[in-house]
Every structure is written in structure tokens, then in C-alpha cells.
>>> print(open('start_37.cif').read())   # mmCIF, C-alpha atoms and all ligand atoms
data_run
#
loop_
_atom_site.group_PDB
_atom_site.id
_atom_site.type_symbol
_atom_site.label_atom_id
_atom_site.label_comp_id
_atom_site.auth_asym_id
_atom_site.auth_seq_id
_atom_site.Cartn_x
_atom_site.Cartn_y
_atom_site.Cartn_z
ATOM 1 C CA MET D 1 41.383 -32.494 -100.288
ATOM 2 C CA LYS D 2 40.052 -30.609 -97.247
ATOM 3 C CA ILE D 3 36.337 -31.251 -96.734
ATOM 4 C CA GLY D 4 34.189 -28.729 -94.868
ATOM 5 C CA PHE D 5 30.662 -28.736 -93.509
ATOM 6 C CA PHE D 6 28.343 -25.816 -92.867
ATOM 7 C CA GLY D 7 26.089 -27.395 -90.214
ATOM 8 C CA ALA D 8 26.838 -30.641 -88.397
ATOM 9 C CA GLY D 9 23.373 -32.093 -87.887
ATOM 10 C CA LYS D 10 21.921 -35.515 -88.620
ATOM 11 C CA MET D 11 22.503 -35.558 -92.377
ATOM 12 C CA ALA D 12 26.016 -34.104 -92.072
ATOM 13 C CA GLU D 13 26.901 -36.907 -89.665
ATOM 14 C CA GLY D 14 25.582 -39.471 -92.174
ATOM 15 C CA ILE D 15 27.934 -38.070 -94.833
ATOM 16 C CA LEU D 16 30.807 -37.714 -92.372
ATOM 17 C CA SER D 17 30.569 -41.368 -91.396
ATOM 18 C CA ALA D 18 31.281 -42.290 -95.042
ATOM 19 C CA ILE D 19 34.457 -40.170 -95.295
ATOM 20 C CA SER D 20 37.456 -42.418 -94.765
ATOM 21 C CA ASP D 21 40.035 -39.786 -93.802
ATOM 22 C CA LYS D 22 38.298 -37.851 -91.036
ATOM 23 C CA ARG D 23 41.446 -35.811 -90.426
ATOM 24 C CA SER D 24 40.665 -33.965 -93.679
ATOM 25 C CA VAL D 25 37.348 -32.701 -92.280
ATOM 26 C CA ILE D 26 36.397 -29.439 -90.608
ATOM 27 C CA MET D 27 32.811 -28.844 -89.482
ATOM 28 C CA ALA D 28 31.102 -25.580 -88.521
ATOM 29 C CA GLU D 29 28.308 -26.088 -86.021
ATOM 30 C CA ARG D 30 26.639 -23.444 -83.920
ATOM 31 C CA LEU D 31 25.597 -25.818 -81.121
ATOM 32 C CA PRO D 32 28.811 -26.236 -79.043
ATOM 33 C CA ASP D 33 27.642 -29.526 -77.477
ATOM 34 C CA ARG D 34 26.947 -31.022 -80.896
ATOM 35 C CA ALA D 35 30.360 -29.898 -82.188
ATOM 36 C CA ALA D 36 32.055 -31.444 -79.148
ATOM 37 C CA GLU D 37 30.107 -34.694 -79.637
ATOM 38 C CA LEU D 38 31.257 -35.083 -83.249
ATOM 39 C CA ALA D 39 34.840 -34.082 -82.434
ATOM 40 C CA ALA D 40 34.977 -36.774 -79.731
ATOM 41 C CA LYS D 41 33.227 -39.459 -81.794
ATOM 42 C CA TYR D 42 35.058 -39.004 -85.126
ATOM 43 C CA GLY D 43 38.173 -36.962 -84.315
ATOM 44 C CA VAL D 44 37.171 -34.187 -86.720
ATOM 45 C CA ALA D 45 38.075 -30.517 -86.353
ATOM 46 C CA THR D 46 35.129 -28.317 -85.422
ATOM 47 C CA THR D 47 34.460 -24.618 -85.171
ATOM 48 C CA GLY D 48 31.529 -22.361 -84.376
ATOM 49 C CA ASP D 49 32.414 -20.109 -87.306
ATOM 50 C CA VAL D 50 31.356 -20.925 -90.878
ATOM 51 C CA LYS D 51 33.966 -18.473 -92.161
ATOM 52 C CA GLU D 52 36.759 -20.701 -90.855
ATOM 53 C CA VAL D 53 35.410 -23.596 -92.927
ATOM 54 C CA ALA D 54 35.067 -21.365 -96.003
ATOM 55 C CA LYS D 55 38.713 -20.350 -95.640
ATOM 56 C CA LYS D 56 40.129 -23.829 -95.060
ATOM 57 C CA ALA D 57 38.146 -26.369 -97.143
ATOM 58 C CA THR D 58 37.932 -27.085 -100.877
ATOM 59 C CA LEU D 59 34.764 -29.188 -100.902
ATOM 60 C CA LEU D 60 32.087 -27.458 -98.821
ATOM 61 C CA PHE D 61 28.969 -29.373 -97.792
ATOM 62 C CA LEU D 62 26.007 -27.100 -97.067
ATOM 63 C CA ALA D 63 23.982 -29.096 -94.526
ATOM 64 C CA VAL D 64 21.835 -26.558 -92.687
ATOM 65 C CA LYS D 65 18.037 -26.254 -92.781
ATOM 66 C CA PRO D 66 16.637 -24.276 -95.746
ATOM 67 C CA GLN D 67 15.837 -21.259 -93.556
ATOM 68 C CA ASP D 68 19.507 -21.012 -92.468
ATOM 69 C CA VAL D 69 21.007 -20.977 -95.981
ATOM 70 C CA ASP D 70 20.896 -17.215 -96.488
ATOM 71 C CA GLY D 71 22.562 -16.592 -93.116
ATOM 72 C CA VAL D 72 25.459 -18.905 -94.018
ATOM 73 C CA ALA D 73 25.723 -17.407 -97.522
ATOM 74 C CA ALA D 74 25.901 -13.843 -96.183
ATOM 75 C CA GLU D 75 28.884 -14.794 -94.022
ATOM 76 C CA VAL D 76 30.895 -16.920 -96.449
ATOM 77 C CA LYS D 77 30.174 -15.468 -99.910
ATOM 78 C CA PRO D 78 32.978 -12.836 -99.737
ATOM 79 C CA LEU D 79 35.487 -15.585 -98.840
ATOM 80 C CA LEU D 80 34.661 -18.159 -101.525
ATOM 81 C CA LYS D 81 37.161 -18.651 -104.354
ATOM 82 C CA GLN D 82 37.423 -20.433 -107.681
ATOM 83 C CA GLY D 83 38.646 -23.974 -107.116
ATOM 84 C CA GLN D 84 36.189 -24.496 -104.258
ATOM 85 C CA THR D 85 32.950 -26.447 -104.722
ATOM 86 C CA LEU D 86 29.802 -25.963 -102.670
ATOM 87 C CA VAL D 87 27.768 -29.171 -102.289
ATOM 88 C CA SER D 88 24.240 -28.427 -101.094
ATOM 89 C CA ILE D 89 22.045 -31.134 -99.603
ATOM 90 C CA VAL D 90 19.350 -28.590 -98.756
ATOM 91 C CA ALA D 91 15.922 -29.670 -99.966
ATOM 92 C CA GLY D 92 14.381 -27.427 -102.589
ATOM 93 C CA LYS D 93 17.274 -24.995 -103.126
ATOM 94 C CA THR D 94 18.025 -24.923 -106.845
ATOM 95 C CA LEU D 95 21.443 -24.421 -108.427
ATOM 96 C CA ALA D 96 20.265 -20.998 -109.631
ATOM 97 C CA ARG D 97 19.176 -20.055 -106.107
ATOM 98 C CA LEU D 98 22.502 -21.270 -104.684
ATOM 99 C CA ARG D 99 24.404 -19.329 -107.354
ATOM 100 C CA SER D 100 22.645 -16.119 -106.420
ATOM 101 C CA ALA D 101 23.246 -16.728 -102.699
ATOM 102 C CA PHE D 102 26.895 -17.862 -102.863
ATOM 103 C CA GLY D 103 28.172 -15.872 -105.859
ATOM 104 C CA ALA D 104 29.893 -16.732 -109.123
ATOM 105 C CA LYS D 105 33.144 -18.222 -107.857
ATOM 106 C CA PRO D 106 32.617 -21.737 -106.437
ATOM 107 C CA GLY D 107 31.566 -24.812 -108.413
ATOM 108 C CA LEU D 108 28.077 -25.928 -107.415
ATOM 109 C CA VAL D 109 26.729 -29.412 -106.786
ATOM 110 C CA ARG D 110 23.180 -30.094 -105.619
ATOM 111 C CA VAL D 111 22.387 -33.355 -103.851
ATOM 112 C CA MET D 112 19.030 -34.793 -102.869
ATOM 113 C CA PRO D 113 19.761 -37.388 -100.196
ATOM 114 C CA ASN D 114 17.348 -39.345 -98.075
ATOM 115 C CA LEU D 115 17.512 -40.167 -94.421
ATOM 116 C CA ALA D 116 18.669 -43.740 -95.011
ATOM 117 C CA LEU D 117 22.040 -42.031 -95.457
ATOM 118 C CA ARG D 118 22.207 -42.252 -91.683
ATOM 119 C CA ALA D 119 22.224 -46.048 -91.935
ATOM 120 C CA ASN D 120 24.807 -46.077 -94.759
ATOM 121 C CA ALA D 121 22.028 -47.085 -97.165
ATOM 122 C CA GLY D 122 21.023 -43.693 -98.530
ATOM 123 C CA MET D 123 19.901 -42.751 -102.013
ATOM 124 C CA CYS D 124 21.577 -39.599 -103.274
ATOM 125 C CA ALA D 125 20.742 -37.897 -106.569
ATOM 126 C CA ILE D 126 23.445 -35.489 -107.749
ATOM 127 C CA CYS D 127 23.473 -32.654 -110.285
ATOM 128 C CA ALA D 128 25.993 -29.911 -110.953
ATOM 129 C CA THR D 129 26.391 -26.711 -112.917
ATOM 130 C CA PRO D 130 28.189 -27.202 -116.275
ATOM 131 C CA LYS D 131 31.313 -25.374 -115.107
ATOM 132 C CA THR D 132 31.766 -27.423 -111.938
ATOM 133 C CA PRO D 133 34.967 -29.472 -112.391
ATOM 134 C CA LYS D 134 34.247 -33.126 -113.213
ATOM 135 C CA SER D 135 36.809 -34.069 -110.562
ATOM 136 C CA ALA D 136 34.733 -32.290 -107.898
ATOM 137 C CA VAL D 137 31.548 -34.101 -108.982
ATOM 138 C CA ALA D 138 33.480 -37.395 -108.945
ATOM 139 C CA ALA D 139 34.741 -36.632 -105.425
ATOM 140 C CA VAL D 140 31.162 -36.012 -104.249
ATOM 141 C CA GLU D 141 30.002 -39.247 -105.896
ATOM 142 C CA ALA D 142 32.826 -41.156 -104.214
ATOM 143 C CA ILE D 143 32.032 -39.755 -100.756
ATOM 144 C CA LEU D 144 28.265 -40.246 -100.998
ATOM 145 C CA GLY D 145 28.761 -43.669 -102.592
ATOM 146 C CA GLY D 146 30.252 -44.702 -99.259
ATOM 147 C CA ALA D 147 26.901 -43.940 -97.616
ATOM 148 C CA GLY D 148 24.616 -45.712 -100.078
ATOM 149 C CA ALA D 149 23.745 -45.461 -103.773
ATOM 150 C CA THR D 150 24.241 -42.414 -106.013
ATOM 151 C CA VAL D 151 22.904 -41.329 -109.376
ATOM 152 C CA VAL D 152 23.878 -38.283 -111.443
ATOM 153 C CA LEU D 153 20.828 -36.638 -113.033
ATOM 154 C CA LYS D 154 19.686 -33.392 -114.642
ATOM 155 C CA GLU D 155 18.307 -30.861 -112.211
ATOM 156 C CA ARG D 156 14.924 -30.973 -113.966
ATOM 157 C CA ASP D 157 14.467 -34.465 -112.443
ATOM 158 C CA PHE D 158 14.907 -33.239 -108.885
ATOM 159 C CA ASP D 159 11.228 -32.656 -108.067
ATOM 160 C CA ALA D 160 10.562 -36.283 -109.034
ATOM 161 C CA VAL D 161 13.589 -37.451 -107.036
ATOM 162 C CA THR D 162 12.400 -35.457 -104.027
ATOM 163 C CA ALA D 163 8.976 -37.106 -104.337
ATOM 164 C CA LEU D 164 10.294 -40.659 -104.763
ATOM 165 C CA SER D 165 13.514 -41.259 -102.854
ATOM 166 C CA GLY D 166 13.578 -38.048 -100.772
ATOM 167 C CA SER D 167 10.093 -38.490 -99.305
ATOM 168 C CA GLY D 168 10.017 -42.258 -99.901
ATOM 169 C CA PRO D 169 11.222 -43.347 -96.431
ATOM 170 C CA ALA D 170 7.994 -41.974 -94.917
ATOM 171 C CA TYR D 171 5.881 -43.844 -97.472
ATOM 172 C CA PHE D 172 7.668 -47.148 -96.860
ATOM 173 C CA ALA D 173 7.390 -46.665 -93.096
ATOM 174 C CA TYR D 174 3.661 -46.053 -93.594
ATOM 175 C CA MET D 175 3.402 -49.283 -95.587
ATOM 176 C CA GLU D 176 5.284 -51.058 -92.812
ATOM 177 C CA GLU D 177 2.864 -49.596 -90.264
ATOM 178 C CA ALA D 178 -0.104 -50.804 -92.343
ATOM 179 C CA MET D 179 1.431 -54.305 -92.630
ATOM 180 C CA ALA D 180 2.158 -54.439 -88.889
ATOM 181 C CA GLU D 181 -1.364 -53.272 -88.025
ATOM 182 C CA GLY D 182 -2.767 -55.933 -90.356
ATOM 183 C CA GLY D 183 -0.661 -58.531 -88.537
ATOM 184 C CA MET D 184 -1.902 -57.276 -85.163
ATOM 185 C CA LYS D 185 -5.513 -57.655 -86.330
ATOM 186 C CA LEU D 186 -4.644 -61.294 -86.997
ATOM 187 C CA GLY D 187 -3.471 -61.655 -83.385
ATOM 188 C CA LEU D 188 0.275 -60.882 -83.491
ATOM 189 C CA LYS D 189 1.877 -58.838 -80.697
ATOM 190 C CA PRO D 190 2.909 -55.281 -81.830
ATOM 191 C CA ASP D 191 6.672 -55.860 -81.572
ATOM 192 C CA VAL D 192 6.455 -59.183 -83.422
ATOM 193 C CA ALA D 193 4.208 -57.691 -86.125
ATOM 194 C CA ARG D 194 6.669 -54.822 -86.624
ATOM 195 C CA LEU D 195 9.658 -57.173 -86.837
ATOM 196 C CA LEU D 196 7.898 -59.378 -89.381
ATOM 197 C CA ALA D 197 6.836 -56.412 -91.510
ATOM 198 C CA GLU D 198 10.216 -54.644 -91.345
ATOM 199 C CA GLN D 199 12.390 -57.677 -91.981
ATOM 200 C CA THR D 200 10.154 -58.651 -94.895
ATOM 201 C CA MET D 201 10.550 -55.188 -96.481
ATOM 202 C CA TYR D 202 14.279 -55.151 -95.820
ATOM 203 C CA GLY D 203 14.856 -58.707 -97.045
ATOM 204 C CA THR D 204 12.741 -58.258 -100.162
ATOM 205 C CA ALA D 205 14.595 -55.089 -101.147
ATOM 206 C CA LYS D 206 17.941 -56.809 -100.464
ATOM 207 C CA PHE D 207 17.006 -59.853 -102.536
ATOM 208 C CA LEU D 208 15.728 -57.741 -105.443
ATOM 209 C CA ARG D 209 18.884 -55.620 -105.400
ATOM 210 C CA GLU D 210 21.241 -58.593 -105.186
ATOM 211 C CA SER D 211 19.432 -60.758 -107.739
ATOM 212 C CA GLY D 212 18.610 -57.904 -110.125
ATOM 213 C CA MET D 213 15.366 -59.745 -110.846
ATOM 214 C CA ALA D 214 12.636 -57.868 -112.729
ATOM 215 C CA LEU D 215 9.678 -56.990 -110.506
ATOM 216 C CA ARG D 216 6.828 -58.532 -112.498
ATOM 217 C CA PRO D 217 8.305 -62.072 -112.742
ATOM 218 C CA PHE D 218 9.209 -61.837 -109.044
ATOM 219 C CA ILE D 219 5.638 -60.910 -108.054
ATOM 220 C CA ASP D 220 4.122 -63.516 -110.389
ATOM 221 C CA GLY D 221 6.558 -66.117 -109.086
ATOM 222 C CA VAL D 222 5.510 -65.608 -105.456
ATOM 223 C CA CYS D 223 1.815 -65.604 -106.333
ATOM 224 C CA THR D 224 1.326 -69.349 -106.816
ATOM 225 C CA LYS D 225 -2.119 -70.027 -108.247
ATOM 226 C CA GLY D 226 -4.524 -70.908 -105.422
ATOM 227 C CA GLY D 227 -1.927 -69.996 -102.756
ATOM 228 C CA THR D 228 -1.916 -67.538 -99.845
ATOM 229 C CA THR D 229 0.016 -64.711 -101.552
ATOM 230 C CA ALA D 230 -2.292 -64.855 -104.578
ATOM 231 C CA ALA D 231 -5.282 -64.588 -102.225
ATOM 232 C CA GLY D 232 -3.746 -61.474 -100.629
ATOM 233 C CA MET D 233 -2.658 -59.897 -103.934
ATOM 234 C CA LYS D 234 -6.213 -60.206 -105.225
ATOM 235 C CA LYS D 235 -7.159 -57.565 -102.634
ATOM 236 C CA LEU D 236 -4.047 -55.361 -103.078
ATOM 237 C CA ALA D 237 -3.506 -55.394 -106.843
ATOM 238 C CA LYS D 238 -6.229 -52.929 -107.753
ATOM 239 C CA PRO D 239 -5.727 -49.920 -110.031
ATOM 240 C CA ALA D 240 -6.782 -47.768 -107.062
ATOM 241 C CA PHE D 241 -3.663 -48.800 -105.091
ATOM 242 C CA LYS D 242 -1.199 -47.754 -107.807
ATOM 243 C CA LYS D 243 -3.219 -44.571 -108.358
ATOM 244 C CA ILE D 244 -2.908 -43.662 -104.666
ATOM 245 C CA VAL D 245 0.872 -44.182 -104.865
ATOM 246 C CA ALA D 246 1.163 -42.168 -108.105
ATOM 247 C CA ASP D 247 -0.993 -39.366 -106.633
ATOM 248 C CA THR D 248 1.157 -39.391 -103.482
ATOM 249 C CA LEU D 249 4.326 -38.822 -105.504
ATOM 250 C CA ALA D 250 2.649 -36.217 -107.715
ATOM 251 C CA ALA D 251 1.557 -34.241 -104.625
ATOM 252 C CA ALA D 252 5.087 -34.371 -103.172
ATOM 253 C CA ALA D 253 6.616 -33.278 -106.512
ATOM 254 C CA ALA D 254 4.135 -30.402 -106.789
ATOM 255 C CA ARG D 255 5.074 -29.242 -103.277
ATOM 256 C CA SER D 256 8.767 -29.498 -104.164
ATOM 257 C CA ARG D 257 8.156 -27.214 -107.161
ATOM 258 C CA GLU D 258 6.279 -24.741 -104.947
ATOM 259 C CA LEU D 259 9.130 -24.625 -102.403
ATOM 260 C CA ALA D 260 11.872 -24.073 -105.011
HETATM 261 N N1 LIG Z 1 16.537 -35.281 -92.950
HETATM 262 C C1 LIG Z 1 16.290 -35.718 -94.189
HETATM 263 O O1 LIG Z 1 15.724 -36.785 -94.427
HETATM 264 C C2 LIG Z 1 16.723 -34.905 -95.377
HETATM 265 C C3 LIG Z 1 16.523 -35.401 -96.674
HETATM 266 C C4 LIG Z 1 16.935 -34.625 -97.741
HETATM 267 C C5 LIG Z 1 17.537 -33.400 -97.519
HETATM 268 N N2 LIG Z 1 17.718 -32.956 -96.247
HETATM 269 C C6 LIG Z 1 18.334 -31.641 -96.039
HETATM 270 O O2 LIG Z 1 19.458 -31.768 -95.194
HETATM 271 C C7 LIG Z 1 19.670 -30.520 -94.545
HETATM 272 C C8 LIG Z 1 20.112 -30.790 -93.138
HETATM 273 O O3 LIG Z 1 19.079 -31.499 -92.458
HETATM 274 P P1 LIG Z 1 19.330 -32.132 -91.004
HETATM 275 O O4 LIG Z 1 18.125 -32.944 -90.716
HETATM 276 O O5 LIG Z 1 20.687 -32.720 -90.926
HETATM 277 O O6 LIG Z 1 19.292 -30.758 -90.119
HETATM 278 P P2 LIG Z 1 19.793 -30.534 -88.634
HETATM 279 O O7 LIG Z 1 19.931 -31.825 -87.910
HETATM 280 O O8 LIG Z 1 18.918 -29.453 -88.056
HETATM 281 O O9 LIG Z 1 21.281 -29.981 -88.837
HETATM 282 C C9 LIG Z 1 21.607 -28.674 -89.202
HETATM 283 C C10 LIG Z 1 22.629 -28.172 -88.182
HETATM 284 O O10 LIG Z 1 23.236 -26.988 -88.696
HETATM 285 C C11 LIG Z 1 23.316 -26.042 -87.625
HETATM 286 N N3 LIG Z 1 23.414 -24.679 -88.172
HETATM 287 C C12 LIG Z 1 22.451 -23.939 -88.744
HETATM 288 N N4 LIG Z 1 22.954 -22.748 -89.122
HETATM 289 C C13 LIG Z 1 24.253 -22.739 -88.796
HETATM 290 C C14 LIG Z 1 25.301 -21.786 -88.927
HETATM 291 N N5 LIG Z 1 25.087 -20.571 -89.468
HETATM 292 N N6 LIG Z 1 26.534 -22.107 -88.488
HETATM 293 C C15 LIG Z 1 26.758 -23.321 -87.927
HETATM 294 N N7 LIG Z 1 25.805 -24.268 -87.753
HETATM 295 C C16 LIG Z 1 24.567 -23.985 -88.195
HETATM 296 C C17 LIG Z 1 22.031 -26.268 -86.873
HETATM 297 O O11 LIG Z 1 22.049 -25.691 -85.595
HETATM 298 P P3 LIG Z 1 20.631 -25.287 -84.884
HETATM 299 O O12 LIG Z 1 20.037 -26.589 -84.407
HETATM 300 O O13 LIG Z 1 21.017 -24.348 -83.811
HETATM 301 O O14 LIG Z 1 19.752 -24.674 -85.941
HETATM 302 C C18 LIG Z 1 21.974 -27.793 -86.846
HETATM 303 O O15 LIG Z 1 22.743 -28.327 -85.783
HETATM 304 C C19 LIG Z 1 18.350 -29.734 -94.646
HETATM 305 O O16 LIG Z 1 18.524 -28.595 -95.458
HETATM 306 C C20 LIG Z 1 17.397 -30.680 -95.306
HETATM 307 O O17 LIG Z 1 16.566 -30.008 -96.269
HETATM 308 C C21 LIG Z 1 17.338 -33.683 -95.180
#
>>> encode(input="start_37.cif", output="C-alpha cells", more="lines below")
Ligand SMILES: NC(=O)c1ccc[n+]([C@@H]2O[C@H](COP(=O)([O-])OP(=O)(O)OC[C@H]3O[C@@H](n4cnc5c(N)ncnc54)[C@H](OP(=O)(O)O)[C@@H]3O)[C@@H](O)[C@H]2O)c1
Amino acid sequence: MKIGFFGAGKMAEGILSAISDKRSVIMAERLPDRAAELAAKYGVATTGDVKEVAKKATLLFLAVKPQDVDGVAAEVKPLLKQGQTLVSIVAGKTLARLRSAFGAKPGLVRVMPNLALRANAGMCAICATPKTPKSAVAAVEAILGGAGATVVLKERDFDAVTALSGSGPAYFAYMEEAMAEGGMKLGLKPDVARLLAEQTMYGTAKFLRESGMALRPFIDGVCTKGGTTAAGMKKLAKPAFKKIVADTLAAAAARSRELA
């Protein structure tokens, strides 16, 4: 299957790195230096013309910024055929909006990735129109599964997904910053405090994923009565903390709805 990209930016490169047969890929990128960089690094075919990708590929990743979608659609819509599938990773663009921009012919898949895709540890939520061939959805799942975890959901869940895993990297980085700053107040050097905070987040997530342990027994297990973690948790585990997190996600979801 020939795989095409409209736009070869940061997220496109994250997806590209997970495609095993790079010879099957053609990427349209309007920055010639960027196209040359990816051609040299991965051996992929590149072009400055989105129409060439629309003519040659079956699975078409739409990986431009939201404001560039209509420009791409205007150029490629007349060329798209049944049997092709457009896979949009563009934040906020609904399947209905994509259908009106790209016409009735291609299958449509909408993906909400996050930037951890660039470290092969992304979280991608996937939804598709009912008529999109199951084989095309499976192909998208297989590709994105090589760059992290995937989940197939209904589109109505996408504002929540955008709020949680889409925006989540910023929230975790903020938590890491708060932990590092707390460590610095206790006398640690900035680089050491950051390493300790980051490795602790990374290692905890890895352990929880690998062990499959439920969160409450894990937290209770670390909080030995009278110990250091219990003393810290007494400050953190306040209803106000979970309310701030819930309000944060609700605000992001509301903004996602506004942008759709
Ligand atoms: N970054 C994230 O964490 C994240 C998370 C979820 C979803 N997304 C979505 O992923 C999409 C891509 O984001 P990104 O960060 O990878 O963007 P990016 O780095 O700006 O990449 C987009 C690339 O496409 C090029 N381009 C735009 N229009 C083109 C056209 N008509 N023909 C050929 N090339 C064209 C752009 O060139 P110019 O630089 O000249 O414009 C740019 O190099 C966005 O829609 C975003 O909503 C991103």
C-alpha cells in the first residue's frame, strides 16, 4: 500500500518513523529544505506538490496545521477517488468538516495523537466514518501502533481525548516542573531536580503499565503509615487538587468544542 503525507512536519515525522517500509512513502512538503532532510534521513520520496501525493498514494495522512487544511483540500479534492482513505491528525477538524472539505469519495479516519508520538510513545485515538473500509482503519491502527498506543473510539469522545491525552503532555510537564521546583527549594541543583522528577514520572508510568496494578492499591502501598510519602500525600491528597485537574480538562474540552 502506498502511503502519502500532506505536510512533513514534526508529527508527520513521528508517524513516518513507525512505518517499516519507507519505500512505500511519498511526502508533500512545501519547505524544500525540510523535504530534503526527510528524504536523506529516511529514504522517502518527497515532492512540493500535494497533488502528486493525491495521485499516487492510497492511505493519505493529512498532517498540516488546521489553517492549511482548506488550501490542501482545494488542490486535491478533484483528484481523490474511492479506495483511498484520508487520515487526518489535525486537531479539532471533525469527520463532517473533513467530508465537506475533501468530498464524498475517500474513506475518512480522524486521529487525535499527542506529541509523545515523536518519542515512539504516543497516544493516538482513532475514529472513522461508517463507510471507511475496516482494512483501512486496521492499517492506520497498525502504523500508529508502531509509534505508541492506539484506541478506537466514537468521535463524540474526541473532545475528552483532546483534553486528556492530546493536551496531557503539557500538564505532565507542568507537574514535573512543580516537582523539580519543589526539589530545588530543598537544595537540589536544577538539573538534578529535573532528572529526579522526570525519571520518577517515567519510571512510575512504566511500572504501572507493565504491572497493570490498580492505582489506589499502588498509592496506598507506597504511603506507609508514618512514613515520608504519607507525610507528603497528606498535603497533596486534597479534593482541591483533583478539582483543579478536572477543571483543567473540562476547560480544554470546552475549547476543543469551540474550535470544531
Ligand atoms: N504537535 C502536537 O502535539 C499535535 C497533537 C495533536 C495533533 N496535532 C496536529 O498535527 C498537525 C501537524 O502538526 P505539526 O506540529 O507536525 O505541524 P508542522 O510541524 O507545522 O508541520 C506541518 C508541515 O506541513 C507543511 N505544509 C503546510 N501546508 C502545506 C501544503 N499545502 N503543501 C505541503 N506542505 C504543507 C508546513 O509547511 P510551513 O511550515 O511552510 O507551513 C509544515 O512543514 C496539526 O494539524 C496539529 O493540529 C499536533
>>> resolve_selection(input="start_37.cif", expression="the PyMOL selection byres (((not hetatm)) within 8 of (chain Z and resi 1))", output="PyMOL selection string")
chain D and resi 6-13+28-31+34+48-50+62-66+68-69+71-72+89-92+111-116+162+166-167
>>> residues_near_point(input="start_37.cif", point="(21.6, -23.6, -111.9)", cutoff="12 Å", atoms="all atoms listed in the file", output="short mmCIF file (atom, residue, chain, number, x, y, z; two decimals) with C-alpha atoms, in the frame of the given file")
data_model
loop_
_atom_site.label_atom_id
_atom_site.label_comp_id
_atom_site.auth_asym_id
_atom_site.auth_seq_id
_atom_site.Cartn_x
_atom_site.Cartn_y
_atom_site.Cartn_z
CA LYS D 93 17.27 -25.00 -103.13
CA THR D 94 18.02 -24.92 -106.84
CA LEU D 95 21.44 -24.42 -108.43
CA ALA D 96 20.26 -21.00 -109.63
CA ARG D 97 19.18 -20.06 -106.11
CA LEU D 98 22.50 -21.27 -104.68
CA ARG D 99 24.40 -19.33 -107.35
CA SER D 100 22.64 -16.12 -106.42
CA ALA D 101 23.25 -16.73 -102.70
CA PHE D 102 26.90 -17.86 -102.86
CA GLY D 103 28.17 -15.87 -105.86
CA ALA D 104 29.89 -16.73 -109.12
CA GLY D 107 31.57 -24.81 -108.41
CA LEU D 108 28.08 -25.93 -107.42
CA VAL D 109 26.73 -29.41 -106.79
CA ARG D 110 23.18 -30.09 -105.62
CA CYS D 127 23.47 -32.65 -110.28
CA ALA D 128 25.99 -29.91 -110.95
CA THR D 129 26.39 -26.71 -112.92
CA PRO D 130 28.19 -27.20 -116.28
CA LYS D 131 31.31 -25.37 -115.11
CA THR D 132 31.77 -27.42 -111.94
CA LYS D 154 19.69 -33.39 -114.64
CA GLU D 155 18.31 -30.86 -112.21
CA ARG D 156 14.92 -30.97 -113.97
CA ALA D 260 11.87 -24.07 -105.01
#
>>> atom_distance(input="start_37.cif", atom1="CA of Ala142 in chain D", atom2="CA of Gly83 in chain D")
18.4 Å
>>> resolve_selection(input="start_37.cif", expression="the PyMOL selection byres (((chain D and resi 79) around 9) and not hetatm)", output="list in words")
Lys51, Ala54, Lys55, Glu75, Val76, Lys77, Pro78, Leu80 and Lys81 of chain D
>>> write_last_selection(input="start_37.cif", atoms="C-alpha atoms", output="mmCIF file, keeping the file's coordinate frame")
data_model
loop_
_atom_site.group_PDB
_atom_site.id
_atom_site.type_symbol
_atom_site.label_atom_id
_atom_site.label_comp_id
_atom_site.auth_asym_id
_atom_site.auth_seq_id
_atom_site.Cartn_x
_atom_site.Cartn_y
_atom_site.Cartn_z
ATOM 1 C CA LYS D 51 33.966 -18.473 -92.161
ATOM 2 C CA ALA D 54 35.067 -21.365 -96.003
ATOM 3 C CA LYS D 55 38.713 -20.350 -95.640
ATOM 4 C CA GLU D 75 28.884 -14.794 -94.022
ATOM 5 C CA VAL D 76 30.895 -16.920 -96.449
ATOM 6 C CA LYS D 77 30.174 -15.468 -99.910
ATOM 7 C CA PRO D 78 32.978 -12.836 -99.737
ATOM 8 C CA LEU D 80 34.661 -18.159 -101.525
ATOM 9 C CA LYS D 81 37.161 -18.651 -104.354
#
>>> residues_around(input="start_37.cif", residues="range 170-176 of chain D", least_positions_apart="2", cutoff="8 Å", atoms="all atoms listed in the file", output="VMD selection string")
chain D and resid 167 to 168 178 to 180 194 197 to 198 201
>>> residues_around(input="start_37.cif", residues="Tyr42 in chain D", least_positions_apart="2", cutoff="9 Å", atoms="all atoms listed in the file", output="ChimeraX atom specification")
/D:16-17,22-23,37-40,44
>>> atom_distance(input="start_37.cif", atom1="CA of Gln84 in chain D", atom2="CA of Ala136 in chain D")
8.7 Å
>>> resolve_selection(input="start_37.cif", expression="the PyMOL selection byres (((chain D and resi 138) around 12) and not hetatm)", output="JSON, numbers by chain")
{"D": [59, 85, 109, 126, 127, 128, 132, 133, 134, 135, 136, 137, 139, 140, 141, 142, 143, 144, 145, 150, 151, 152]}
>>> atom_distance(input="start_37.cif", atom1="CA of Ala237 in chain D", atom2="CA of Leu208 in chain D")
19.4 Å
>>> residues_around(input="start_37.cif", residues="Ile19 in chain D", least_positions_apart="4", cutoff="9 Å", atoms="only C-alpha atoms", output="list in words")
Ile15, Ser24, Val25, Ile143, Leu144, Gly146 and Ala147 of chain D
>>> closest_residue(input="start_37.cif", among="D:Leu195, D:Leu153, D:Leu117, D:Ala163", to="Thr248 in chain D", atoms="all atoms listed in the file")
D:Ala163
>>> closest_residue(input="start_37.cif", among="D:Arg209, D:Val192, D:Gly14, D:Thr47", to="Met27 in chain D", atoms="all atoms listed in the file")
D:Thr47
